[in-house]
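A.B. asks: Structure supplied as work-v4.txt; contents: compact mmCIF, C-alpha atoms.
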```
# COMPACT_ATOMS: atom_id res chain seq x y z
CA MET A 1 122.96 116.99 93.91
CA TYR A 2 122.32 117.65 97.57
CA VAL A 3 124.57 120.31 99.08
CA SER A 4 125.45 119.66 102.67
CA PRO A 5 125.35 122.77 104.80
CA GLY A 6 128.45 124.48 106.08
CA LEU A 7 126.68 126.89 108.38
CA ASN A 8 126.74 124.70 111.44
CA LYS A 9 130.24 123.35 111.08
CA GLY A 10 132.08 123.90 114.32
CA LYS A 11 128.89 124.92 116.05
CA ASN A 12 126.50 122.78 118.00
CA LEU A 13 123.03 122.56 116.56
CA THR A 14 119.99 122.32 118.81
CA VAL A 15 116.74 121.06 117.35
CA ALA A 16 113.45 120.77 119.25
CA VAL A 17 111.00 118.11 118.15
CA THR A 18 107.44 117.16 119.12
CA GLY A 19 105.59 113.92 118.33
CA LEU A 20 107.51 111.67 120.73
CA ASN A 21 104.60 109.23 121.02
CA ALA A 22 106.27 106.26 119.38
CA ASN A 23 103.35 103.95 120.07
CA ASP A 24 101.01 101.86 117.88
CA ASN A 25 99.70 105.08 116.31
CA PRO A 26 103.09 106.71 116.21
CA GLY A 27 103.97 110.35 115.98
CA PRO A 28 106.85 111.15 113.62
CA GLY A 29 109.13 112.65 116.30
CA LEU A 30 111.42 109.69 116.88
CA ALA A 31 111.87 109.05 113.15
CA VAL A 32 112.66 112.74 112.61
CA ILE A 33 115.23 112.64 115.42
CA ARG A 34 116.84 109.50 114.03
CA ALA A 35 117.13 111.08 110.59
CA LEU A 36 118.63 114.26 112.08
CA ARG A 37 121.17 112.25 114.05
CA ALA A 38 122.09 110.36 110.88
CA GLY A 39 122.37 113.62 108.96
CA PHE A 40 124.14 115.92 111.41
CA GLY A 41 126.09 113.45 113.56
CA GLU A 42 127.88 114.72 116.63
CA GLY A 43 127.22 118.22 117.86
CA LEU A 44 123.47 117.80 117.52
CA LYS A 45 121.36 118.29 120.62
CA ILE A 46 117.78 117.10 120.55
CA ILE A 47 115.19 118.74 122.76
CA GLY A 48 112.01 116.74 123.09
CA LEU A 49 108.76 118.64 123.55
CA ALA A 50 106.13 116.39 125.07
CA TYR A 51 102.48 116.71 125.98
CA GLU A 52 102.21 113.54 128.05
CA THR A 53 104.54 111.79 130.45
CA LEU A 54 104.27 108.41 128.76
CA GLU A 55 105.40 109.41 125.30
CA PRO A 56 107.93 106.62 124.75
CA ALA A 57 110.71 108.55 123.00
CA ILE A 58 111.15 110.81 126.07
CA TYR A 59 112.90 107.92 127.77
CA LEU A 60 115.18 107.01 124.87
CA ARG A 61 118.04 109.01 126.29
CA ASP A 62 120.43 108.13 123.47
CA GLN A 63 118.01 109.83 121.06
CA VAL A 64 116.50 112.66 123.11
CA ASP A 65 118.95 114.69 125.19
CA LYS A 66 116.41 116.62 127.23
CA THR A 67 112.63 116.76 127.30
CA TYR A 68 110.26 119.52 128.39
CA ARG A 69 106.52 119.30 128.72
CA ILE A 70 104.57 121.89 126.79
CA PRO A 71 100.91 122.93 127.15
CA TYR A 72 98.25 121.21 125.06
CA PRO A 73 97.13 123.07 121.92
CA THR A 74 93.82 123.92 123.62
CA ALA A 75 95.71 126.11 126.11
CA GLY A 76 96.31 128.56 123.27
CA THR A 77 99.26 130.30 121.66
CA GLU A 78 100.11 132.59 124.57
CA ALA A 79 100.71 129.69 126.95
CA LEU A 80 102.79 127.93 124.28
CA LYS A 81 104.84 131.05 123.63
CA ILE A 82 105.57 131.61 127.32
CA ARG A 83 106.62 127.99 127.81
CA LEU A 84 108.85 127.99 124.74
CA GLN A 85 110.50 131.23 125.89
CA GLN A 86 111.30 129.55 129.23
CA ILE A 87 112.82 126.60 127.39
CA GLN A 88 114.67 128.84 124.96
CA ASP A 89 116.32 130.75 127.79
CA ILE A 90 117.94 127.48 128.83
CA GLU A 91 118.48 125.62 125.57
CA GLN A 92 119.03 128.13 122.74
CA ILE A 93 117.06 126.10 120.24
CA ASP A 94 118.04 126.73 116.60
CA VAL A 95 115.20 124.92 114.86
CA LEU A 96 111.84 123.59 116.02
CA ILE A 97 109.98 120.85 114.11
CA PRO A 98 106.35 120.34 115.16
CA ASN A 99 105.07 116.90 114.18
CA PHE A 100 101.41 116.84 115.16
CA ASP A 101 98.58 118.02 112.92
CA ALA A 102 96.65 119.36 115.90
CA GLU A 103 99.44 121.62 117.14
CA LEU A 104 100.42 123.10 113.79
CA TYR A 105 97.89 125.92 113.81
CA ASN A 106 99.38 127.34 117.01
CA PHE A 107 102.99 126.93 115.91
CA ILE A 108 102.27 128.70 112.63
CA LYS A 109 100.60 131.49 114.55
CA ILE A 110 103.66 132.10 116.73
CA GLU A 111 106.17 131.56 113.92
CA GLN A 112 107.39 135.18 113.98
CA ALA A 113 107.54 135.28 117.76
CA LEU A 114 109.64 132.12 117.69
CA LEU A 115 111.98 133.67 115.15
CA GLN A 116 112.43 136.67 117.43
CA MET A 117 113.48 134.23 120.14
CA GLY A 118 116.02 132.75 117.71
CA ILE A 119 113.98 129.64 116.91
CA HIS A 120 113.70 128.87 113.19
CA THR A 121 110.85 126.87 111.71
CA PHE A 122 109.85 125.80 108.20
CA LEU A 123 106.09 125.58 108.24
CA PRO A 124 103.18 125.87 105.81
CA SER A 125 100.88 128.89 106.05
CA HIS A 126 97.48 128.77 107.71
CA GLN A 127 95.94 128.93 104.25
CA GLN A 128 97.98 125.94 103.04
CA LEU A 129 97.09 124.08 106.21
CA ALA A 130 93.38 124.74 105.72
CA GLN A 131 93.07 123.84 102.05
CA ARG A 132 94.39 120.27 102.51
CA ASP A 133 92.32 119.74 105.66
CA LYS A 134 90.18 116.59 105.47
CA VAL A 135 87.14 118.81 105.65
CA ASN A 136 88.22 120.73 102.53
CA LEU A 137 89.96 117.93 100.61
CA GLY A 138 87.12 117.35 98.14
CA GLU A 139 87.06 121.00 97.13
CA PHE A 140 90.85 121.05 97.01
CA GLY A 141 90.83 118.10 94.58
CA LYS A 142 88.29 119.78 92.29
CA LYS A 143 90.20 123.05 92.26
CA HIS A 144 93.52 121.50 91.31
CA GLN A 145 92.27 118.52 89.24
CA PHE A 146 93.47 115.87 91.68
CA ASN A 147 91.54 112.61 92.02
CA VAL A 148 89.98 112.70 95.47
CA PRO A 149 87.28 110.25 96.62
CA ALA A 150 83.83 111.79 97.01
CA ASP A 151 83.18 112.83 100.59
CA GLU A 152 80.69 114.61 102.83
CA VAL A 153 81.32 116.45 106.06
CA VAL A 154 78.76 115.65 108.77
CA PHE A 155 77.98 117.19 112.12
CA THR A 156 75.16 114.90 113.28
CA ALA A 157 74.62 111.15 113.20
CA SER A 158 71.27 111.67 111.52
CA GLU A 159 73.08 112.66 108.30
CA ILE A 160 74.87 109.32 108.01
CA ASP A 161 72.09 107.15 106.54
CA GLN A 162 71.44 109.32 103.51
CA ILE A 163 75.14 109.70 102.67
CA ALA A 164 75.79 105.99 103.23
CA ASN A 165 73.03 105.24 100.72
CA LYS A 166 74.74 107.47 98.20
CA PHE A 167 78.32 106.16 98.70
CA GLY A 168 77.48 102.53 99.58
CA PHE A 169 79.60 100.20 101.71
CA PRO A 170 82.36 99.84 102.68
CA LEU A 171 82.37 103.47 103.78
CA MET A 172 85.29 105.38 105.27
CA VAL A 173 84.48 107.28 108.47
CA LYS A 174 87.23 109.72 109.39
CA GLY A 175 88.03 111.84 112.42
CA LYS A 176 88.78 115.53 112.12
CA PHE A 177 92.47 115.15 112.93
CA TYR A 178 93.28 111.46 113.15
CA GLU A 179 91.85 107.96 112.74
CA ALA A 180 89.69 106.39 110.12
CA HIS A 181 87.35 103.42 110.29
CA THR A 182 86.12 101.26 107.45
CA ALA A 183 82.39 100.80 108.09
CA LEU A 184 80.90 97.68 106.54
CA ASN A 185 77.28 98.52 107.38
CA ILE A 186 75.17 101.30 108.80
CA ALA A 187 75.64 100.14 112.40
CA ASP A 188 79.42 100.24 111.93
CA ALA A 189 79.16 103.75 110.50
CA HIS A 190 77.17 105.05 113.49
CA LYS A 191 79.52 103.39 115.96
CA ALA A 192 82.56 104.91 114.23
CA PHE A 193 80.88 108.33 114.14
CA HIS A 194 80.29 108.37 117.91
CA LYS A 195 83.74 107.01 118.69
CA LEU A 196 85.49 109.62 116.55
CA HIS A 197 83.21 112.38 117.81
CA ALA A 198 84.10 111.57 121.40
CA LYS A 199 87.81 111.43 120.65
CA TRP A 200 88.47 114.20 118.13
CA GLY A 201 85.30 116.29 118.06
CA LEU A 202 83.28 117.41 115.05
CA PRO A 203 82.96 117.34 112.13
CA ILE A 204 83.31 113.77 110.93
CA ILE A 205 84.13 113.01 107.31
CA LEU A 206 82.35 110.26 105.36
CA GLN A 207 84.40 109.23 102.35
CA LYS A 208 83.65 106.89 99.47
CA PHE A 209 85.74 103.72 99.71
CA ILE A 210 88.35 103.20 97.01
CA LYS A 211 89.69 99.69 96.57
CA GLY A 212 93.35 99.46 95.68
CA THR A 213 96.95 99.50 96.82
CA GLU A 214 97.90 101.85 99.64
CA ILE A 215 100.89 104.01 98.87
CA ASN A 216 102.25 106.91 100.88
CA ILE A 217 104.51 109.67 99.65
CA ALA A 218 106.78 111.66 101.96
CA GLY A 219 107.71 115.03 100.53
CA LEU A 220 109.40 118.30 101.37
CA GLY A 221 108.26 121.52 99.70
CA ASP A 222 110.41 124.63 99.51
CA GLY A 223 107.47 127.04 99.79
CA GLU A 224 107.94 128.28 96.24
CA GLY A 225 106.14 125.50 94.40
CA ASN A 226 109.06 123.08 94.22
CA VAL A 227 109.78 119.83 95.97
CA ILE A 228 113.18 119.23 97.49
CA SER A 229 112.50 115.54 97.98
CA VAL A 230 109.86 112.94 97.17
CA ILE A 231 109.94 109.34 98.41
CA PRO A 232 107.03 106.98 97.61
CA MET A 233 106.48 103.99 99.90
CA ARG A 234 104.13 101.05 99.54
CA LYS A 235 102.66 99.73 102.75
CA LEU A 236 103.53 96.05 103.23
CA TYR A 237 102.07 95.44 106.68
CA ILE A 238 99.16 97.50 107.95
CA THR A 239 98.03 97.56 111.58
CA GLU A 240 94.41 97.51 112.72
CA LYS A 241 94.68 101.28 112.98
CA GLY A 242 95.67 101.46 109.33
CA LYS A 243 99.26 102.40 110.10
CA ALA A 244 102.16 101.06 108.07
CA TRP A 245 104.19 98.68 110.25
CA ALA A 246 106.37 97.71 107.32
CA GLY A 247 106.87 99.35 103.95
CA ILE A 248 109.13 99.51 100.93
CA THR A 249 110.31 102.38 98.74
CA ILE A 250 109.09 102.11 95.16
CA GLU A 251 109.94 103.94 91.96
CA ASP A 252 107.05 105.23 89.92
CA GLU A 253 107.29 108.45 87.98
CA LYS A 254 103.54 109.02 88.28
CA LEU A 255 103.82 109.17 92.07
CA VAL A 256 106.74 111.58 92.00
CA ALA A 257 104.89 113.73 89.45
CA LEU A 258 101.80 113.79 91.69
CA ALA A 259 103.85 115.05 94.65
CA LYS A 260 105.43 117.70 92.43
CA ASP A 261 101.99 118.78 91.19
CA PHE A 262 100.79 119.01 94.78
CA ALA A 263 103.72 121.22 95.81
CA LYS A 264 103.23 123.39 92.73
CA ALA A 265 99.49 123.76 93.28
CA THR A 266 99.85 124.69 96.93
CA GLY A 267 103.29 126.27 97.11
CA TRP A 268 103.74 123.92 100.06
CA LYS A 269 106.35 124.85 102.62
CA GLY A 270 107.67 122.08 104.85
CA GLY A 271 107.22 118.36 105.20
CA PHE A 272 104.08 116.64 103.94
CA GLU A 273 102.67 113.19 103.37
CA LEU A 274 100.27 112.21 100.61
CA GLU A 275 98.18 109.13 101.37
CA ILE A 276 97.43 107.56 98.00
CA MET A 277 95.21 104.75 96.83
CA MET A 278 96.14 103.26 93.46
CA ASP A 279 93.14 101.47 91.98
CA ASP A 280 93.25 98.50 89.61
CA ASN A 281 93.43 100.83 86.60
CA GLY A 282 96.49 102.61 87.99
CA SER A 283 94.56 105.79 88.81
CA LEU A 284 95.94 107.65 91.82
CA TYR A 285 93.52 108.99 94.44
CA ILE A 286 94.65 111.37 97.17
CA MET A 287 93.00 110.02 100.30
CA GLU A 288 94.59 112.48 102.70
CA VAL A 289 97.30 115.10 102.90
CA ASN A 290 99.18 115.24 106.18
CA PRO A 291 100.83 118.61 106.83
CA ARG A 292 104.00 117.21 108.36
CA PHE A 293 106.47 114.37 108.00
CA PRO A 294 105.10 110.83 108.39
CA ALA A 295 106.15 108.46 111.18
CA TRP A 296 108.13 106.44 108.61
CA VAL A 297 110.21 109.43 107.51
CA TYR A 298 113.48 107.79 108.58
CA LEU A 299 113.05 105.61 105.49
CA THR A 300 113.65 108.72 103.37
CA ALA A 301 117.09 109.06 104.94
CA ALA A 302 117.74 105.35 104.50
CA ALA A 303 116.75 105.56 100.84
CA GLY A 304 119.12 108.45 100.20
CA GLN A 305 117.06 111.60 100.74
CA ASN A 306 117.23 112.80 104.33
CA GLN A 307 114.12 114.98 104.44
CA PRO A 308 114.29 116.08 108.12
CA LYS A 309 117.91 117.19 107.67
CA ALA A 310 116.98 119.10 104.52
CA LEU A 311 114.12 120.80 106.39
CA VAL A 312 116.51 121.97 109.12
CA ASP A 313 118.83 123.33 106.44
CA LEU A 314 115.95 125.16 104.78
CA ALA A 315 114.82 126.59 108.12
CA LEU A 316 118.34 127.91 108.73
CA GLY A 317 118.57 129.38 105.24
CA ASN A 318 121.25 126.96 104.09
CA PRO A 319 121.41 126.09 100.38
CA VAL A 320 119.46 122.92 99.62
CA GLU A 321 119.07 121.54 96.12
CA GLU A 322 116.40 119.20 94.83
CA MET A 323 117.21 115.54 95.51
CA ASN A 324 116.36 113.39 92.52
CA THR A 325 117.66 109.90 93.18
CA TYR A 326 116.82 107.35 95.84
CA LYS A 327 117.02 103.63 96.31
CA ALA A 328 113.90 101.65 95.49
CA GLY A 329 113.48 98.46 97.48
CA LYS A 330 114.58 99.94 100.81
CA MET A 331 112.31 98.53 103.50
CA PHE A 332 111.38 99.50 107.01
CA ILE A 333 110.03 96.95 109.45
CA ARG A 334 108.91 98.55 112.70
CA TYR A 335 109.23 96.69 115.98
CA ALA A 336 108.03 96.99 119.54
CA TRP A 337 110.64 97.03 122.30
CA ASP A 338 110.22 97.34 126.05
CA ASN A 339 112.35 100.18 127.35
CA ILE A 340 113.04 99.85 131.08
CA VAL A 341 112.80 103.10 133.03
CA ASP A 342 113.15 103.87 136.74
CA VAL A 343 110.16 105.52 138.33
CA GLU A 344 112.41 108.42 139.40
CA GLU A 345 112.69 109.52 135.79
CA PHE A 346 108.95 109.34 135.27
CA GLN A 347 108.43 111.21 138.52
CA LYS A 348 110.90 113.93 137.53
CA LEU A 349 109.04 114.63 134.30
CA SER A 350 105.66 114.46 136.04
CA ALA A 351 106.61 116.78 138.89
CA PHE A 352 108.95 119.28 137.23
CA GLY A 353 107.89 119.10 133.59
CA GLU A 354 111.35 118.27 132.37
CA LEU A 355 113.72 115.34 132.15
CA MET B 1 107.69 88.38 75.72
CA LYS B 2 110.05 90.74 77.48
CA LEU B 3 110.59 91.36 81.15
CA LYS B 4 110.09 94.96 82.21
CA ALA B 5 113.42 96.73 82.16
CA ASN B 6 113.47 97.64 85.84
CA ILE B 7 112.64 94.18 87.22
CA ALA B 8 115.38 92.93 89.52
CA THR B 9 116.12 89.21 89.69
CA SER B 10 118.65 87.22 91.65
CA GLU B 11 120.32 83.87 91.02
CA ASN B 12 118.29 82.23 93.77
CA GLY B 13 115.03 83.08 92.04
CA PHE B 14 113.97 86.20 93.94
CA ILE B 15 112.10 88.71 91.78
CA PHE B 16 111.50 92.33 92.78
CA ASN B 17 109.38 94.89 90.96
CA PRO B 18 110.61 98.32 92.14
CA ALA B 19 107.61 100.07 90.61
CA THR B 20 105.10 98.27 92.82
CA GLY B 21 107.18 96.89 95.68
CA ASP B 22 105.97 93.37 94.84
CA SER B 23 108.38 90.52 95.33
CA PHE B 24 108.16 86.86 94.30
CA THR B 25 110.15 83.69 94.67
CA SER B 26 110.61 81.24 91.84
CA ASN B 27 112.06 77.75 91.51
CA GLY B 28 115.30 76.89 89.77
CA ILE B 29 114.04 76.48 86.23
CA ALA B 30 111.87 79.60 86.47
CA ALA B 31 114.89 81.59 87.68
CA GLU B 32 116.93 80.23 84.78
CA ILE B 33 114.30 81.30 82.25
CA LEU B 34 114.15 84.76 83.85
CA ALA B 35 117.91 85.08 83.56
CA TYR B 36 117.71 84.22 79.85
CA MET B 37 114.90 86.72 79.37
CA LYS B 38 116.86 89.42 81.18
CA SER B 39 119.85 88.85 78.94
CA GLY B 40 117.61 89.51 75.95
CA GLU B 41 117.33 86.02 74.51
CA SER B 42 114.30 85.23 72.36
CA GLU B 43 111.53 82.81 73.21
CA VAL B 44 112.79 80.37 70.55
CA GLU B 45 116.36 80.48 71.89
CA ILE B 46 115.26 79.94 75.46
CA LYS B 47 113.02 77.01 74.58
CA LYS B 48 115.83 75.38 72.62
CA LYS B 49 118.15 75.65 75.62
CA ILE B 50 115.56 74.11 77.90
CA LEU B 51 114.95 71.24 75.49
CA ASP B 52 118.71 70.67 75.16
CA HIS B 53 119.39 70.63 78.87
CA TYR B 54 116.33 69.02 80.39
CA GLU B 55 114.33 65.87 79.75
CA VAL B 56 111.11 67.46 78.67
CA GLU B 57 108.78 66.88 75.73
CA PRO B 58 108.22 69.90 73.44
CA ASN B 59 104.46 69.75 74.05
CA GLN B 60 104.96 69.80 77.80
CA LEU B 61 107.39 72.71 77.51
CA GLU B 62 104.87 74.67 75.43
CA ARG B 63 102.15 74.17 78.04
CA ASP B 64 104.45 75.07 80.94
CA TRP B 65 105.83 78.05 79.02
CA ASP B 66 102.35 79.48 78.40
CA ASP B 67 101.44 78.92 82.02
CA TYR B 68 104.60 80.66 83.25
CA MET B 69 104.17 83.62 80.91
CA LEU B 70 100.60 84.01 82.15
CA GLN B 71 101.87 84.10 85.74
CA LEU B 72 104.50 86.72 84.83
CA LYS B 73 101.83 88.77 83.06
CA GLU B 74 99.44 88.60 86.02
CA ALA B 75 102.29 89.61 88.30
CA ASN B 76 102.74 92.70 86.12
CA LEU B 77 106.34 91.78 85.28
CA LEU B 78 106.12 91.71 81.48
CA ASP B 79 106.60 94.59 79.11
CA LEU B 80 103.53 94.10 76.92
```
Take the structure in the file and write it out as C-alpha cells.

C.D. replies:
Amino acid sequence: MYVSPGLNKGKNLTVAVTGLNANDNPGPGLAVIRALRAGFGEGLKIIGLAYETLEPAIYLRDQVDKTYRIPYPTAGTEALKIRLQQIQDIEQIDVLIPNFDAELYNFIKIEQALLQMGIHTFLPSHQQLAQRDKVNLGEFGKKHQFNVPADEVVFTASEIDQIANKFGFPLMVKGKFYEAHTALNIADAHKAFHKLHAKWGLPIILQKFIKGTEINIAGLGDGEGNVISVIPMRKLYITEKGKAWAGITIEDEKLVALAKDFAKATGWKGGFELEIMMDDNGSLYIMEVNPRFPAWVYLTAAAGQNQPKALVDLALGNPVEEMNTYKAGKMFIRYAWDNIVDVEEFQKLSAFGEL
Amino acid sequence: MKLKANIATSENGFIFNPATGDSFTSNGIAAEILAYMKSGESEVEIKKKILDHYEVEPNQLERDWDDYMLQLKEANLLDL
C-alpha cells in the first residue's frame, strides 16, 4: 500500500523542476510537473528551471508558476550554486528534481550545499551515475549478469570500420548523452559519428543491433537496493528520433524482476528508466539506463503509481512504501499543440532571466 | 486449446494481451468462440454449438477452426 504523506498538509509545497523542453525530443519536466499536480493538488507551487528561452513548458502558465533561467552545466557548479541561492532567497524551494542527464553530475555535486539552503533532492551518487553511463554499460552488464548488447567506445572515425565489420549492420551509433542512429552501412555510420560528435562531443558508442520489441521501464529506487515503483511500457508509436509518441503499460513479471535486480545491483537512488529490447526468444537486453524519470513518466501516475510524487516524498523523508499494483493497458498518446504567447513574455524571460 | 488467463476480450471482438500490449480485432464468430474459450468450454463443446447455430459443414468448421487456432497461437494468445 502507498502511504500518502502528511508532512505537507496545511503547508504549501514548492518544487523546482528542470527539463521543460517539451519538444519532439522531450525532456521529462512537464510530465513530472503534471504528475506532481495530480499527486499533491492545490498548494503546490512549481518553479521551472530553464536553460533556453524557447523551452515550451515555460509558457504553460497553468503548469509552471514561475520560471528562472539557470546557467548551462558547462558553467560549473559554483555558478549553478550561486544562481540557485538567488532563486531560493525568493522562492523557498522544498524539493528540486533535475531531469537532464547532462546536468545531473553538477546537481549531485552540490547536493549538500542545496540541502543547507533548504532544498531537498533524491539523486543517485556519482558512482551510480557513472556505472550505468553508456560508455560503461557493457562492463556494467558483465559485472551484474545483465544482458547488454556488445559495444565499443570510439574516439576517432578511423575506428569505425573495424568495429562495424565485427558487429555487422544495422549498427547502433550513440551519442555520449543523447541520440542514437541506426546505421545501415558504413557511410551511414560515419555520418552518424560526425553528427553526434558535433552535437554531444566524444566518445561515441557503437552498439550491436538487437532486433526485437522496444520496451521501457520507469522505476524509482529508494537508495537501499529496493524499488518503490516499477512501470513497464511498450512503445506503440516511435518517432524518427526513436522517442515513444504513444505507449501502453504492460504486465510482465520478468520486466518487473529486471528492474528490481537493477535497483538491487546498483542501490539506485531516485528515478530511472531502463530501455529494453525483447528479442524473439523473450530475452531482455538492457539497451540503456537513463538516470532520471522518462518523458512519459506521467503514465506511471495514470497507471496507479505516481513516481514523481513518491520521489518528492522520499526527498522530504516522508514514509513511502513499495507500490505493487498498476493498471496494464493504460495508454499515452502524445500530441503537438501550438501555445500562443505574447512577445512580452518571451522578452521578459530573455532580458531578466525569469518569467 | 486454452486462452492465456490474462487475455482480455470484449463483446465487440477486441482482444488485448496485457503482457505484450498487443491488441487485435476479431469478427463476430471469432469473438463468440473466444467468449466460449474464456468461459472454459472444451473444443468439442464449442464446435457443437457452432454446428448447432450456424449453417456450416463439419469439414469446413474443422478447417476454419485449425486456421483460427493457428492465428491465435501466432498472436501469442494461447496457453500452450

A.B. asks: With 10 Å as the limit and counting all atoms listed in the file, what residues in chain B lie close to chain A? Please list them as number ranges by chain.

C.D. replies: B: 6, 8, 16-23

A.B. asks: For range 295-312 of chain A, list every protein, DNA or RNA residue within 7 Å, evaluated using all atoms listed in the file, and leave out those in the same chain fewer than 5 positions away; present the list as a VMD selection string.

C.D. replies: chain A and resid 26 to 28 31 to 32 34 to 36 39 95 122 218 220 229 231 270 320 323 326 to 327 330 332

A.B. asks: List the spatial neighbours of range 32-39 of chain B as a ChimeraX atom specification - criterion: any atom at most 7 Å away, all atoms listed in the file, same-chain residues fewer than 6 positions off excluded.

C.D. replies: /B:2-3,46

A.B. asks: Kindly give the distance, in Å, that separates CA of Leu171 in chain A and CA of Gln131 in chain A, rounded to a single decimal.

C.D. replies: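 We find that CA of Leu171 in chain A and CA of Gln131 in chain A lie 23.1 Å from each other.
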
A.B. asks: Which residues are near range 63-67 of chain A? Cut-off 8 Å, all atoms listed in the file, ignore same chain within fewer than 5 positions. Put them as a list in words.

C.D. replies: Leu30, Ile33, Arg34, Lys45, Ile46, Ile47, Gly48, Leu49, Ala50, Ala57, Ile58, Glu354 and Leu355 of chain A

A.B. asks: Store the residues picked out above in a file with C-alpha atoms, as a short mmCIF file (atom, residue, chain, number, x, y, z; two decimals), in the coordinates of the input.

C.D. replies:
```cif
data_model
loop_
_atom_site.label_atom_id
_atom_site.label_comp_id
_atom_site.auth_asym_id
_atom_site.auth_seq_id
_atom_site.Cartn_x
_atom_site.Cartn_y
_atom_site.Cartn_z
CA LEU A 30 111.42 109.69 116.88
CA ILE A 33 115.23 112.64 115.42
CA ARG A 34 116.84 109.50 114.03
CA LYS A 45 121.36 118.29 120.62
CA ILE A 46 117.78 117.10 120.55
CA ILE A 47 115.19 118.74 122.76
CA GLY A 48 112.01 116.74 123.09
CA LEU A 49 108.76 118.64 123.55
CA ALA A 50 106.13 116.39 125.07
CA ALA A 57 110.71 108.55 123.00
CA ILE A 58 111.15 110.81 126.07
CA GLU A 354 111.35 118.27 132.37
CA LEU A 355 113.72 115.34 132.15
#
```

A.B. asks: If you take every atom of range 185-203 of chain A that the file lists and fit an axis-aligned box around them with 4 Å extra on each side, what centre and edge lengths come out in Å to one decimal, as AutoDock Vina command-line options?

C.D. replies:
```
--center_x 81.8 --center_y 108.0 --center_z 114.4 --size_x 21.3 --size_y 26.9 --size_z 22.0
```

A.B. asks: Go through A:Gly225, A:Gly219, A:Gly141, A:Gly242 and flag the residue nearest Glu273 in chain A, using only C-alpha atoms for the distances.

C.D. replies: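 Closest to Glu273 in chain A, using only C-alpha atoms: A:Gly219.
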
A.B. asks: Give me, as a PyMOL selection string, all polymer residues having an atom no more than 12 Å from His194 in chain A, counting all atoms listed in the file and skipping those fewer than 2 positions away in the same chain.

C.D. replies: chain A and resi 154-158+160+173-175+181+187-192+196-204

A.B. asks: Kindly give the distance, in Å, that separates CA of Leu274 in chain A and CA of Glu224 in chain A, rounded to a single decimal.

C.D. replies: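 Answer for the CA of Leu274 in chain A to CA of Glu224 in chain A separation: 18.3 Å.
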
A.B. asks: Please indicate the distance in Å from CA of Ile97 in chain A to CA of Trp245 in chain A, rounded to one decimal place.

C.D. replies: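 Interatomic distance here is 23.2 Å.
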
A.B. asks: Hey, what's within 10 Å of Val341 in chain A if we count only C-alpha atoms and toss same-chain stuff fewer than 4 positions away? As a count of residues only, please?

C.D. replies: 4

A.B. asks: Go through range 3-51 of chain A and flag each residue having an atom no more than 12 Å from range 113-121 of chain A; for those, report the closest pair of atoms plus their distance in Å to one decimal, using all atoms listed in the file, ordered by chain and rising number, as a Markdown table.

C.D. replies:
```
| residue | atom | partner | partner_atom | distance |
| --- | --- | --- | --- | --- |
| A:Leu13 | CA | A:Ile119 | CA | 11.5 |
| A:Thr14 | CA | A:Ile119 | CA | 9.7 |
| A:Val15 | CA | A:Ile119 | CA | 9.0 |
| A:Ala16 | CA | A:Ile119 | CA | 9.2 |
| A:Val17 | CA | A:Thr121 | CA | 10.9 |
```

A.B. asks: With N, CA and C atoms as the target, complete range 34-45 of chain B and hand it back as a CSV table (one decimal), in the coordinates of the input.

C.D. replies:
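Output saved as rebuild_31.csv:
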```
chain,number,residue,atom,x,y,z
B,34,LEU,N,114.1,83.3,83.6
B,34,LEU,CA,114.2,84.8,83.8
B,34,LEU,C,115.5,85.3,83.5
B,35,ALA,N,116.6,84.6,83.9
B,35,ALA,CA,117.9,85.1,83.6
B,35,ALA,C,118.1,85.2,82.0
B,36,TYR,N,117.6,84.2,81.3
B,36,TYR,CA,117.7,84.2,79.8
B,36,TYR,C,116.9,85.4,79.3
B,37,MET,N,115.7,85.6,79.8
B,37,MET,CA,114.9,86.7,79.4
B,37,MET,C,115.6,88.1,79.6
B,38,LYS,N,116.2,88.2,80.8
B,38,LYS,CA,116.9,89.4,81.2
B,38,LYS,C,118.0,89.7,80.3
B,39,SER,N,118.7,88.6,79.8
B,39,SER,CA,119.8,88.8,78.9
B,39,SER,C,119.4,89.1,77.5
B,40,GLY,N,118.1,89.1,77.3
B,40,GLY,CA,117.6,89.5,76.0
B,40,GLY,C,117.4,88.4,75.0
B,41,GLU,N,117.5,87.1,75.4
B,41,GLU,CA,117.3,86.0,74.5
B,41,GLU,C,115.9,85.9,74.1
B,42,SER,N,115.7,85.4,72.9
B,42,SER,CA,114.3,85.2,72.4
B,42,SER,C,113.6,84.0,72.9
B,43,GLU,N,112.3,83.9,72.7
B,43,GLU,CA,111.5,82.8,73.2
B,43,GLU,C,112.0,81.5,72.6
B,44,VAL,N,112.3,81.6,71.3
B,44,VAL,CA,112.8,80.4,70.6
B,44,VAL,C,114.1,79.9,71.1
B,45,GLU,N,115.0,80.8,71.4
B,45,GLU,CA,116.4,80.5,71.9
B,45,GLU,C,116.2,79.9,73.3
```
